[in-house]
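Dumped upload_30.tsv below, it's TSV, C-alpha atoms:
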```tsv
chain	number	residue	atom	x	y	z
A	1	MET	CA	-23.25	-29.56	-20.98
A	2	LEU	CA	-23.23	-28.28	-17.39
A	3	TYR	CA	-26.19	-30.49	-16.46
A	4	LEU	CA	-24.46	-33.66	-17.68
A	5	ALA	CA	-21.16	-32.67	-16.06
A	6	VAL	CA	-22.79	-32.14	-12.67
A	7	ARG	CA	-24.86	-35.32	-12.91
A	8	ARG	CA	-21.77	-37.51	-13.26
A	9	CYS	CA	-19.96	-35.98	-10.28
A	10	ARG	CA	-19.54	-37.82	-6.99
A	11	ARG	CA	-19.44	-34.56	-5.00
A	12	VAL	CA	-20.92	-31.19	-5.95
A	13	TYR	CA	-19.96	-28.01	-4.10
A	14	LEU	CA	-21.87	-24.73	-4.28
A	15	GLU	CA	-19.71	-21.68	-3.56
A	16	ALA	CA	-21.72	-19.54	-1.16
A	17	TYR	CA	-19.92	-16.33	-0.30
A	18	THR	CA	-18.84	-14.28	-3.33
A	19	SER	CA	-22.38	-13.95	-4.70
A	20	VAL	CA	-26.01	-14.89	-4.05
A	21	LEU	CA	-27.92	-17.72	-5.71
A	22	THR	CA	-31.36	-16.27	-6.45
A	23	VAL	CA	-33.20	-19.58	-6.94
A	24	GLY	CA	-31.99	-21.23	-3.74
A	25	LYS	CA	-29.92	-24.35	-3.04
A	26	GLU	CA	-32.97	-26.65	-2.93
A	27	ALA	CA	-34.06	-25.73	-6.45
A	28	LEU	CA	-30.63	-26.63	-7.81
A	29	GLU	CA	-30.61	-29.92	-5.92
A	30	GLU	CA	-33.95	-30.83	-7.43
A	31	PHE	CA	-32.79	-29.84	-10.91
A	32	TYR	CA	-29.56	-31.82	-10.81
A	33	GLY	CA	-30.85	-34.66	-8.64
A	34	LYS	CA	-27.75	-34.19	-6.49
A	35	GLU	CA	-27.05	-33.08	-2.95
A	36	LEU	CA	-25.05	-29.83	-2.93
A	37	ILE	CA	-22.35	-29.14	-0.37
A	38	LEU	CA	-22.26	-25.47	0.60
A	39	ALA	CA	-18.73	-24.09	0.38
A	40	ASP	CA	-18.32	-20.96	2.50
A	41	ARG	CA	-15.25	-18.73	2.74
A	42	GLU	CA	-13.51	-20.97	5.26
A	43	THR	CA	-14.04	-24.06	3.13
A	44	VAL	CA	-12.76	-22.48	-0.07
A	45	GLU	CA	-9.85	-20.49	1.35
A	46	GLN	CA	-8.70	-22.74	4.20
A	47	GLU	CA	-9.93	-26.23	3.32
A	48	ALA	CA	-9.43	-26.32	-0.45
A	49	ASP	CA	-7.71	-29.71	-0.13
A	50	SER	CA	-10.99	-31.24	1.04
A	51	ILE	CA	-12.67	-30.04	-2.17
A	52	LEU	CA	-9.94	-31.62	-4.29
A	53	ARG	CA	-9.84	-34.86	-2.29
A	54	ASP	CA	-10.01	-37.89	-4.63
A	55	ALA	CA	-10.63	-35.56	-7.59
A	56	ASP	CA	-7.92	-37.47	-9.47
A	57	VAL	CA	-10.03	-40.63	-9.42
A	58	CYS	CA	-13.59	-39.27	-9.44
A	59	ASP	CA	-15.40	-36.21	-10.80
A	60	VAL	CA	-15.99	-33.28	-8.42
A	61	ALA	CA	-17.94	-30.13	-9.35
A	62	PHE	CA	-17.49	-26.65	-7.92
A	63	LEU	CA	-20.48	-24.47	-8.83
A	64	VAL	CA	-20.09	-20.70	-8.87
A	65	VAL	CA	-22.76	-18.01	-9.20
A	66	GLY	CA	-21.55	-16.05	-12.21
A	67	ASP	CA	-18.31	-16.79	-14.06
A	68	PRO	CA	-15.80	-19.20	-12.48
A	69	PHE	CA	-12.96	-16.70	-12.74
A	70	GLY	CA	-14.88	-13.79	-11.23
A	71	ALA	CA	-12.98	-14.20	-7.95
A	72	THR	CA	-9.30	-14.88	-7.26
A	73	THR	CA	-10.14	-17.72	-4.86
A	74	HIS	CA	-11.52	-19.70	-7.81
A	75	SER	CA	-8.24	-19.24	-9.71
A	76	ASP	CA	-6.43	-20.49	-6.61
A	77	LEU	CA	-8.48	-23.69	-6.71
A	78	VAL	CA	-7.43	-24.27	-10.34
A	79	LEU	CA	-3.75	-23.71	-9.50
A	80	ARG	CA	-3.99	-26.20	-6.63
A	81	ALA	CA	-5.50	-28.78	-8.98
A	82	VAL	CA	-2.69	-28.25	-11.51
A	83	LYS	CA	-0.02	-28.74	-8.84
A	84	LEU	CA	-1.69	-31.98	-7.78
A	85	GLY	CA	-1.88	-33.20	-11.36
A	86	ILE	CA	-5.70	-33.14	-11.33
A	87	PRO	CA	-7.26	-32.40	-14.75
A	88	TYR	CA	-10.03	-29.80	-14.77
A	89	GLN	CA	-12.67	-28.40	-17.09
A	90	VAL	CA	-14.19	-24.91	-16.91
A	91	ILE	CA	-17.75	-24.25	-18.06
A	92	HIS	CA	-18.18	-20.51	-18.37
A	93	ASN	CA	-21.22	-18.46	-17.46
A	94	ALA	CA	-22.31	-14.82	-17.51
A	95	SER	CA	-21.37	-12.57	-14.62
A	96	ILE	CA	-22.05	-8.97	-13.65
A	97	MET	CA	-18.84	-8.09	-15.53
A	98	ASN	CA	-20.64	-8.55	-18.84
A	99	ALA	CA	-24.31	-8.67	-17.82
A	100	VAL	CA	-23.92	-5.05	-16.72
A	101	GLY	CA	-24.44	-4.19	-20.40
A	102	CYS	CA	-28.17	-4.62	-19.75
A	103	CYS	CA	-28.27	-0.98	-18.59
A	104	GLY	CA	-27.41	0.27	-22.06
A	105	LEU	CA	-23.80	1.33	-21.53
A	106	GLN	CA	-21.28	-0.19	-23.94
A	107	LEU	CA	-18.92	-2.71	-22.37
A	108	TYR	CA	-15.81	-1.50	-24.17
A	109	ASN	CA	-16.32	1.95	-22.62
A	110	PHE	CA	-15.65	0.62	-19.10
A	111	GLY	CA	-12.38	1.18	-17.27
A	112	GLU	CA	-10.98	-0.60	-14.22
A	113	THR	CA	-13.57	-2.31	-12.03
A	114	VAL	CA	-13.48	-1.34	-8.35
A	115	SER	CA	-14.81	-2.80	-5.12
A	116	ILE	CA	-16.50	-0.55	-2.56
A	117	VAL	CA	-16.13	-1.97	0.94
A	118	PHE	CA	-18.16	-1.38	4.07
A	119	TRP	CA	-16.63	1.34	6.22
A	120	THR	CA	-16.22	0.93	9.96
A	121	ASP	CA	-15.79	3.56	12.67
A	122	THR	CA	-12.01	3.17	12.46
A	123	TRP	CA	-11.44	2.12	8.83
A	124	LYS	CA	-12.63	4.29	5.95
A	125	PRO	CA	-10.47	3.62	2.88
A	126	GLU	CA	-10.82	5.89	-0.15
A	127	SER	CA	-8.57	4.13	-2.67
A	128	PHE	CA	-11.56	3.03	-4.78
A	129	PHE	CA	-12.53	6.70	-5.21
A	130	ASP	CA	-9.16	7.49	-6.79
A	131	LYS	CA	-9.60	4.62	-9.27
A	132	ILE	CA	-13.05	5.95	-10.22
A	133	LYS	CA	-11.49	9.39	-10.63
A	134	LYS	CA	-8.83	7.98	-12.97
A	135	ASN	CA	-11.49	6.24	-15.06
A	136	ARG	CA	-13.50	9.47	-15.27
A	137	GLN	CA	-10.43	11.37	-16.42
A	138	ASN	CA	-10.02	8.77	-19.17
A	139	GLY	CA	-13.68	9.13	-20.12
A	140	THR	CA	-14.55	5.55	-19.11
A	141	HIS	CA	-17.32	4.15	-16.91
A	142	THR	CA	-16.60	2.39	-13.62
A	143	LEU	CA	-18.37	-0.77	-12.49
A	144	CYS	CA	-18.45	-0.77	-8.69
A	145	LEU	CA	-18.82	-4.17	-7.03
A	146	LEU	CA	-20.44	-3.68	-3.64
A	147	ASP	CA	-19.27	-5.40	-0.49
A	148	ILE	CA	-20.63	-8.73	0.77
A	149	LYS	CA	-20.13	-9.84	4.36
A	150	VAL	CA	-21.04	-13.51	4.83
A	151	LYS	CA	-19.87	-15.64	7.77
A	152	GLU	CA	-17.71	-12.82	9.12
A	153	GLN	CA	-16.46	-12.70	12.71
A	154	SER	CA	-16.32	-9.63	14.92
A	155	LEU	CA	-12.81	-8.54	15.94
A	156	GLU	CA	-13.50	-9.68	19.53
A	157	ASN	CA	-14.68	-13.15	18.50
A	158	LEU	CA	-11.79	-13.47	16.05
A	159	MET	CA	-9.21	-12.59	18.71
A	160	LYS	CA	-10.76	-14.99	21.21
A	161	GLY	CA	-11.01	-17.78	18.67
A	162	ARG	CA	-14.79	-18.07	19.02
A	163	LYS	CA	-16.63	-19.51	16.02
A	164	ILE	CA	-19.41	-16.93	16.32
A	165	TYR	CA	-20.39	-15.19	13.10
A	166	GLU	CA	-22.07	-11.89	12.33
A	167	PRO	CA	-25.37	-11.82	10.38
A	168	PRO	CA	-24.87	-11.56	6.59
A	169	ARG	CA	-24.69	-8.04	5.18
A	170	TYR	CA	-24.91	-6.91	1.57
A	171	MET	CA	-24.05	-3.35	0.59
A	172	SER	CA	-26.84	-1.51	-1.19
A	173	VAL	CA	-26.53	1.10	-3.93
A	174	ASN	CA	-27.62	3.88	-1.57
A	175	GLN	CA	-24.98	2.87	1.00
A	176	ALA	CA	-22.26	2.90	-1.66
A	177	ALA	CA	-23.43	6.26	-3.00
A	178	GLN	CA	-23.45	7.73	0.50
A	179	GLN	CA	-19.84	6.70	1.06
A	180	LEU	CA	-18.86	8.36	-2.22
A	181	LEU	CA	-20.68	11.54	-1.16
A	182	ASP	CA	-18.82	11.49	2.16
A	183	ILE	CA	-15.51	11.26	0.31
A	184	ILE	CA	-16.49	14.16	-1.94
A	185	ARG	CA	-17.21	16.28	1.13
A	186	ASN	CA	-13.88	15.25	2.71
A	187	ARG	CA	-11.95	16.13	-0.44
A	188	ARG	CA	-13.57	19.55	-0.63
A	189	LEU	CA	-12.61	20.22	2.97
A	190	GLN	CA	-9.04	19.50	1.87
A	191	GLY	CA	-9.32	22.13	-0.89
A	192	GLU	CA	-9.86	19.68	-3.75
A	193	GLU	CA	-12.68	19.84	-6.27
A	194	PRO	CA	-13.30	16.16	-7.05
A	195	GLU	CA	-13.75	14.76	-10.55
A	196	ILE	CA	-16.95	13.13	-9.27
A	197	THR	CA	-19.75	15.30	-7.85
A	198	GLU	CA	-23.26	14.94	-6.50
A	199	ASP	CA	-24.53	15.48	-10.06
A	200	THR	CA	-22.43	12.77	-11.72
A	201	ILE	CA	-24.71	10.32	-13.52
A	202	CYS	CA	-24.69	6.85	-11.99
A	203	VAL	CA	-26.56	3.60	-12.50
A	204	GLY	CA	-27.81	1.34	-9.73
A	205	LEU	CA	-28.41	-2.33	-10.50
A	206	ALA	CA	-30.05	-4.98	-8.33
A	207	ARG	CA	-30.43	-8.74	-8.86
A	208	VAL	CA	-29.30	-8.58	-12.50
A	209	GLY	CA	-30.55	-11.62	-14.39
A	210	ALA	CA	-33.32	-12.43	-11.92
A	211	PRO	CA	-37.00	-11.99	-12.85
A	212	ASP	CA	-37.25	-9.07	-10.42
A	213	GLN	CA	-34.09	-7.27	-11.48
A	214	LYS	CA	-34.22	-3.51	-11.06
A	215	ILE	CA	-32.08	-0.84	-12.68
A	216	ALA	CA	-32.20	2.90	-12.06
A	217	SER	CA	-30.09	5.76	-13.35
A	218	GLY	CA	-29.73	9.25	-11.99
A	219	THR	CA	-27.33	11.52	-10.17
A	220	LEU	CA	-25.02	10.25	-7.46
A	221	TYR	CA	-27.17	12.09	-4.94
A	222	GLN	CA	-30.28	10.34	-6.24
A	223	MET	CA	-28.49	6.99	-5.93
A	224	SER	CA	-28.01	7.71	-2.23
A	225	THR	CA	-31.79	7.78	-1.77
A	226	VAL	CA	-32.97	5.13	-4.25
A	227	GLU	CA	-34.36	1.83	-2.95
A	228	LEU	CA	-33.75	-1.16	-5.21
A	229	GLY	CA	-34.75	-3.99	-2.87
A	230	GLY	CA	-32.79	-7.07	-1.88
A	231	PRO	CA	-29.23	-8.07	-2.87
A	232	LEU	CA	-27.07	-8.25	-4.84
A	233	HIS	CA	-26.47	-4.63	-5.85
A	234	SER	CA	-23.88	-3.06	-8.15
A	235	MET	CA	-23.33	0.55	-9.19
A	236	ILE	CA	-21.84	2.30	-12.20
A	237	VAL	CA	-20.24	5.72	-12.13
A	238	THR	CA	-20.44	6.91	-15.72
A	239	GLY	CA	-17.67	8.52	-17.72
A	240	THR	CA	-18.15	10.25	-21.06
A	241	MET	CA	-21.37	8.97	-22.60
A	242	HIS	CA	-22.04	8.59	-26.30
A	243	PRO	CA	-25.52	9.91	-27.26
A	244	LEU	CA	-26.52	6.33	-28.11
A	245	GLU	CA	-25.55	5.21	-24.60
A	246	LEU	CA	-27.63	7.99	-23.07
A	247	GLU	CA	-30.61	7.03	-25.20
A	248	MET	CA	-30.21	3.37	-24.23
A	249	LEU	CA	-29.85	4.37	-20.57
A	250	LYS	CA	-33.17	6.19	-20.72
A	251	ASN	CA	-34.87	3.18	-22.30
A	252	CYS	CA	-33.24	0.37	-20.28
A	253	THR	CA	-33.44	1.88	-16.79
A	254	GLU	CA	-35.75	3.78	-14.51
A	255	PHE	CA	-34.37	7.19	-15.51
A	256	LEU	CA	-34.65	9.46	-12.48
A	257	ILE	CA	-33.42	12.69	-14.06
A	258	SER	CA	-36.24	14.96	-15.18
A	259	GLY	CA	-35.89	17.48	-17.99
A	260	GLY	CA	-32.59	17.86	-19.81
A	261	CYS	CA	-29.50	15.90	-18.93
A	262	HIS	CA	-26.15	17.59	-18.54
A	263	LEU	CA	-23.38	15.00	-18.79
A	264	LYS	CA	-21.19	15.54	-15.76
```
Encoding of this model in structure tokens:
Amino acid sequence: MLYLAVRRCRRVYLEAYTSVLTVGKEALEEFYGKELILADRETVEQEADSILRDADVCDVAFLVVGDPFGATTHSDLVLRAVKLGIPYQVIHNASIMNAVGCCGLQLYNFGETVSIVFWTDTWKPESFFDKIKKNRQNGTHTLCLLDIKVKEQSLENLMKGRKIYEPPRYMSVNQAAQQLLDIIRNRRLQGEEPEITEDTICVGLARVGAPDQKIASGTLYQMSTVELGGPLHSMIVTGTMHPLELEMLKNCTEFLISGGCHLK
């Protein structure tokens, strides 16, 4: 269905900033027999009208890695089409939101999904930690989506209006775990004993769905030292685990905890 839909389109865009295409743009072009137009953040968020141009008289495709509604910018594109009276069709796909079940944890035991962002020297938000804490208190797991920085400008270049972009950066599981450990230390200095500790069981996932996907489970501290290779990475902070989930976790992941396992 997707193949035929793309083949009949006059223009085909490939969204290129909310995720990473593991097979490469060229492989898709060869498969579809179509030239793909890379749509970066600026194109999607600031030049959406160019994507929808003539879409009322010819077919235009917007390809997304994962599910089309995995990012709010994709919903915005749909709303723009509706306002312009342009009919649209959505062809759904798997995303990390459901593919995360490959680690053995049950999807209906997940709470609110959070995003962990790169800290800077002057900006170190902790709001995601409080959402993880709330999930833990409810006994649910937390899927943590890790930050992606693609075609970002430095503050200096942004202020001076220079179209100079920073190299792409993709947060790794160990970077995310380290930020959580830093928050735990900060909370303890403030007299709080956090719901999440160094011994909380977590799961690190890399390149889910690719032939070289890698999944490891262990303590939060172990996640801060694990190396899972290239992007994209995600992390799960577990809640209350059913014995079946723990058994699946041991069988579906590289289980780093030796000996018995105390569910913290």
*Minimum-distance residue to A:Asn138, chosen among A:Thr238, A:Thr200, A:Thr253, A:Thr18 (using all atoms listed in the file)*: A:Thr238
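Residues lying within 7 Å of A:His141, counting all atoms listed in the file and ignoring same-chain neighbours fewer than 2 positions away, are Asn109, Phe110, Gly111, Asn135, Arg136, Gly139, Leu143, Ile236, Val237, Thr238 and Gly239 of chain A.
Relative to atom CA of A:Arg207, atom CA of A:Leu232 is found at 5.3 Å.
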Might I get the box with edges along x, y and z of the file that holds all atoms of stretch 40-45 of chain A listed there, padded by 6 Å on every side, given as centre and edge lengths in Å to one decimal, as AutoDock Vina command-line options?
```
--center_x -14.1 --center_y -21.4 --center_z 2.6 --size_x 20.5 --size_y 17.3 --size_z 17.3
```
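For A:Gln222, the list of residues within 12 Å, based on only C-alpha atoms and with local chain neighbours fewer than 2 positions off taken out, reads Val173, Asn174, Gln175, Ala176, Ala177, Gln178, Leu181, Thr197, Glu198, Asp199, Thr200, Ile201, Cys202, Val203, Gly204, Ala216, Ser217, Gly218, Thr219, Leu220, Ser224, Thr225, Val226, Glu227, Glu254, Phe255, Leu256, Ile257 and Ser258 of chain A.
With atom CA of A:His233 on one side and atom CA of A:Leu146 on the other, the separation reads 6.5 Å.
For the pair atom CA of A:Lys131 and atom CA of A:Arg169, the separation is 24.4 Å.
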Ref. answer, residues at most 7 Å from (-33.8, -3.9, -7.7) with only C-alpha atoms, as a compact mmCIF listing (two decimals) with C-alpha atoms, keeping the file's coordinate frame:
```txt
# COMPACT_ATOMS: atom_id res chain seq x y z
CA LEU A 205 -28.41 -2.33 -10.50
CA ALA A 206 -30.05 -4.98 -8.33
CA ARG A 207 -30.43 -8.74 -8.86
CA ASP A 212 -37.25 -9.07 -10.42
CA GLN A 213 -34.09 -7.27 -11.48
CA LYS A 214 -34.22 -3.51 -11.06
CA ILE A 215 -32.08 -0.84 -12.68
CA LEU A 228 -33.75 -1.16 -5.21
CA GLY A 229 -34.75 -3.99 -2.87
CA GLY A 230 -32.79 -7.07 -1.88
```
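Nearest to A:Val60 of all the residues A:Pro194, A:Pro87, A:Pro125, A:Gly101 is A:Pro87, based on only C-alpha atoms.
Of the listed residues A:Lys250, A:Tyr108, A:Asp121, A:Asp49, the one whose atoms come nearest to A:Arg80 is A:Asp49, with distances taken using only C-alpha atoms.
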*For A:Leu77, the nearest of the candidates A:Ala61, A:Ile96, A:Val44, A:Ile148, counting all atoms listed in the file*: A:Val44
_A:Gly209 surroundings by all atoms listed in the file, 10 Å radius, close-in-sequence under 5 positions cut, as a ChimeraX atom specification_ = /A:22,94-96,99-100,102,214
Rebuild stretch 175-195 of chain A to N, CA and C atoms - output it as an mmCIF file, in the frame of the given file, please.
```cif
data_model
loop_
_atom_site.group_PDB
_atom_site.id
_atom_site.type_symbol
_atom_site.label_atom_id
_atom_site.label_comp_id
_atom_site.auth_asym_id
_atom_site.auth_seq_id
_atom_site.Cartn_x
_atom_site.Cartn_y
_atom_site.Cartn_z
ATOM 1 N N GLN A 175 -26.101 2.844 0.061
ATOM 2 C CA GLN A 175 -24.980 2.870 1.000
ATOM 3 C C GLN A 175 -23.674 3.218 0.287
ATOM 4 N N ALA A 176 -23.472 2.612 -0.884
ATOM 5 C CA ALA A 176 -22.260 2.900 -1.660
ATOM 6 C C ALA A 176 -22.228 4.364 -2.086
ATOM 7 N N ALA A 177 -23.356 4.864 -2.560
ATOM 8 C CA ALA A 177 -23.430 6.260 -3.000
ATOM 9 C C ALA A 177 -23.160 7.205 -1.839
ATOM 10 N N GLN A 178 -23.661 6.874 -0.662
ATOM 11 C CA GLN A 178 -23.450 7.730 0.500
ATOM 12 C C GLN A 178 -21.976 7.803 0.872
ATOM 13 N N GLN A 179 -21.271 6.679 0.768
ATOM 14 C CA GLN A 179 -19.840 6.700 1.060
ATOM 15 C C GLN A 179 -19.091 7.572 0.052
ATOM 16 N N LEU A 180 -19.495 7.503 -1.211
ATOM 17 C CA LEU A 180 -18.860 8.360 -2.220
ATOM 18 C C LEU A 180 -19.130 9.836 -1.920
ATOM 19 N N LEU A 181 -20.351 10.147 -1.508
ATOM 20 C CA LEU A 181 -20.680 11.540 -1.160
ATOM 21 C C LEU A 181 -19.864 12.014 0.038
ATOM 22 N N ASP A 182 -19.647 11.125 0.999
ATOM 23 C CA ASP A 182 -18.820 11.490 2.160
ATOM 24 C C ASP A 182 -17.390 11.790 1.731
ATOM 25 N N ILE A 183 -16.866 11.011 0.794
ATOM 26 C CA ILE A 183 -15.510 11.260 0.310
ATOM 27 C C ILE A 183 -15.439 12.588 -0.424
ATOM 28 N N ILE A 184 -16.445 12.878 -1.232
ATOM 29 C CA ILE A 184 -16.490 14.160 -1.940
ATOM 30 C C ILE A 184 -16.434 15.320 -0.956
ATOM 31 N N ARG A 185 -17.220 15.216 0.110
ATOM 32 C CA ARG A 185 -17.210 16.280 1.130
ATOM 33 C C ARG A 185 -15.828 16.394 1.784
ATOM 34 N N ASN A 186 -15.211 15.237 2.083
ATOM 35 C CA ASN A 186 -13.880 15.250 2.710
ATOM 36 C C ASN A 186 -12.850 15.890 1.790
ATOM 37 N N ARG A 187 -12.922 15.577 0.502
ATOM 38 C CA ARG A 187 -11.950 16.130 -0.440
ATOM 39 C C ARG A 187 -12.111 17.642 -0.569
ATOM 40 N N ARG A 188 -13.347 18.102 -0.545
ATOM 41 C CA ARG A 188 -13.570 19.550 -0.630
ATOM 42 C C ARG A 188 -13.042 20.276 0.596
ATOM 43 N N LEU A 189 -13.163 19.641 1.748
ATOM 44 C CA LEU A 189 -12.610 20.220 2.970
ATOM 45 C C LEU A 189 -11.100 20.334 2.892
ATOM 46 N N GLN A 190 -10.498 19.474 2.050
ATOM 47 C CA GLN A 190 -9.040 19.500 1.870
ATOM 48 C C GLN A 190 -8.636 20.428 0.724
ATOM 49 N N GLY A 191 -9.620 21.168 0.172
ATOM 50 C CA GLY A 191 -9.320 22.130 -0.890
ATOM 51 C C GLY A 191 -9.330 21.558 -2.282
ATOM 52 N N GLU A 192 -9.833 20.323 -2.429
ATOM 53 C CA GLU A 192 -9.860 19.680 -3.750
ATOM 54 C C GLU A 192 -11.277 19.728 -4.315
ATOM 55 N N GLU A 193 -11.384 19.946 -5.618
ATOM 56 C CA GLU A 193 -12.680 19.840 -6.270
ATOM 57 C C GLU A 193 -12.690 18.509 -7.034
ATOM 58 N N PRO A 194 -13.379 17.515 -6.496
ATOM 59 C CA PRO A 194 -13.300 16.160 -7.050
ATOM 60 C C PRO A 194 -13.832 16.051 -8.471
ATOM 61 N N GLU A 195 -13.307 15.070 -9.188
ATOM 62 C CA GLU A 195 -13.750 14.760 -10.550
ATOM 63 C C GLU A 195 -15.195 14.277 -10.543
#
```
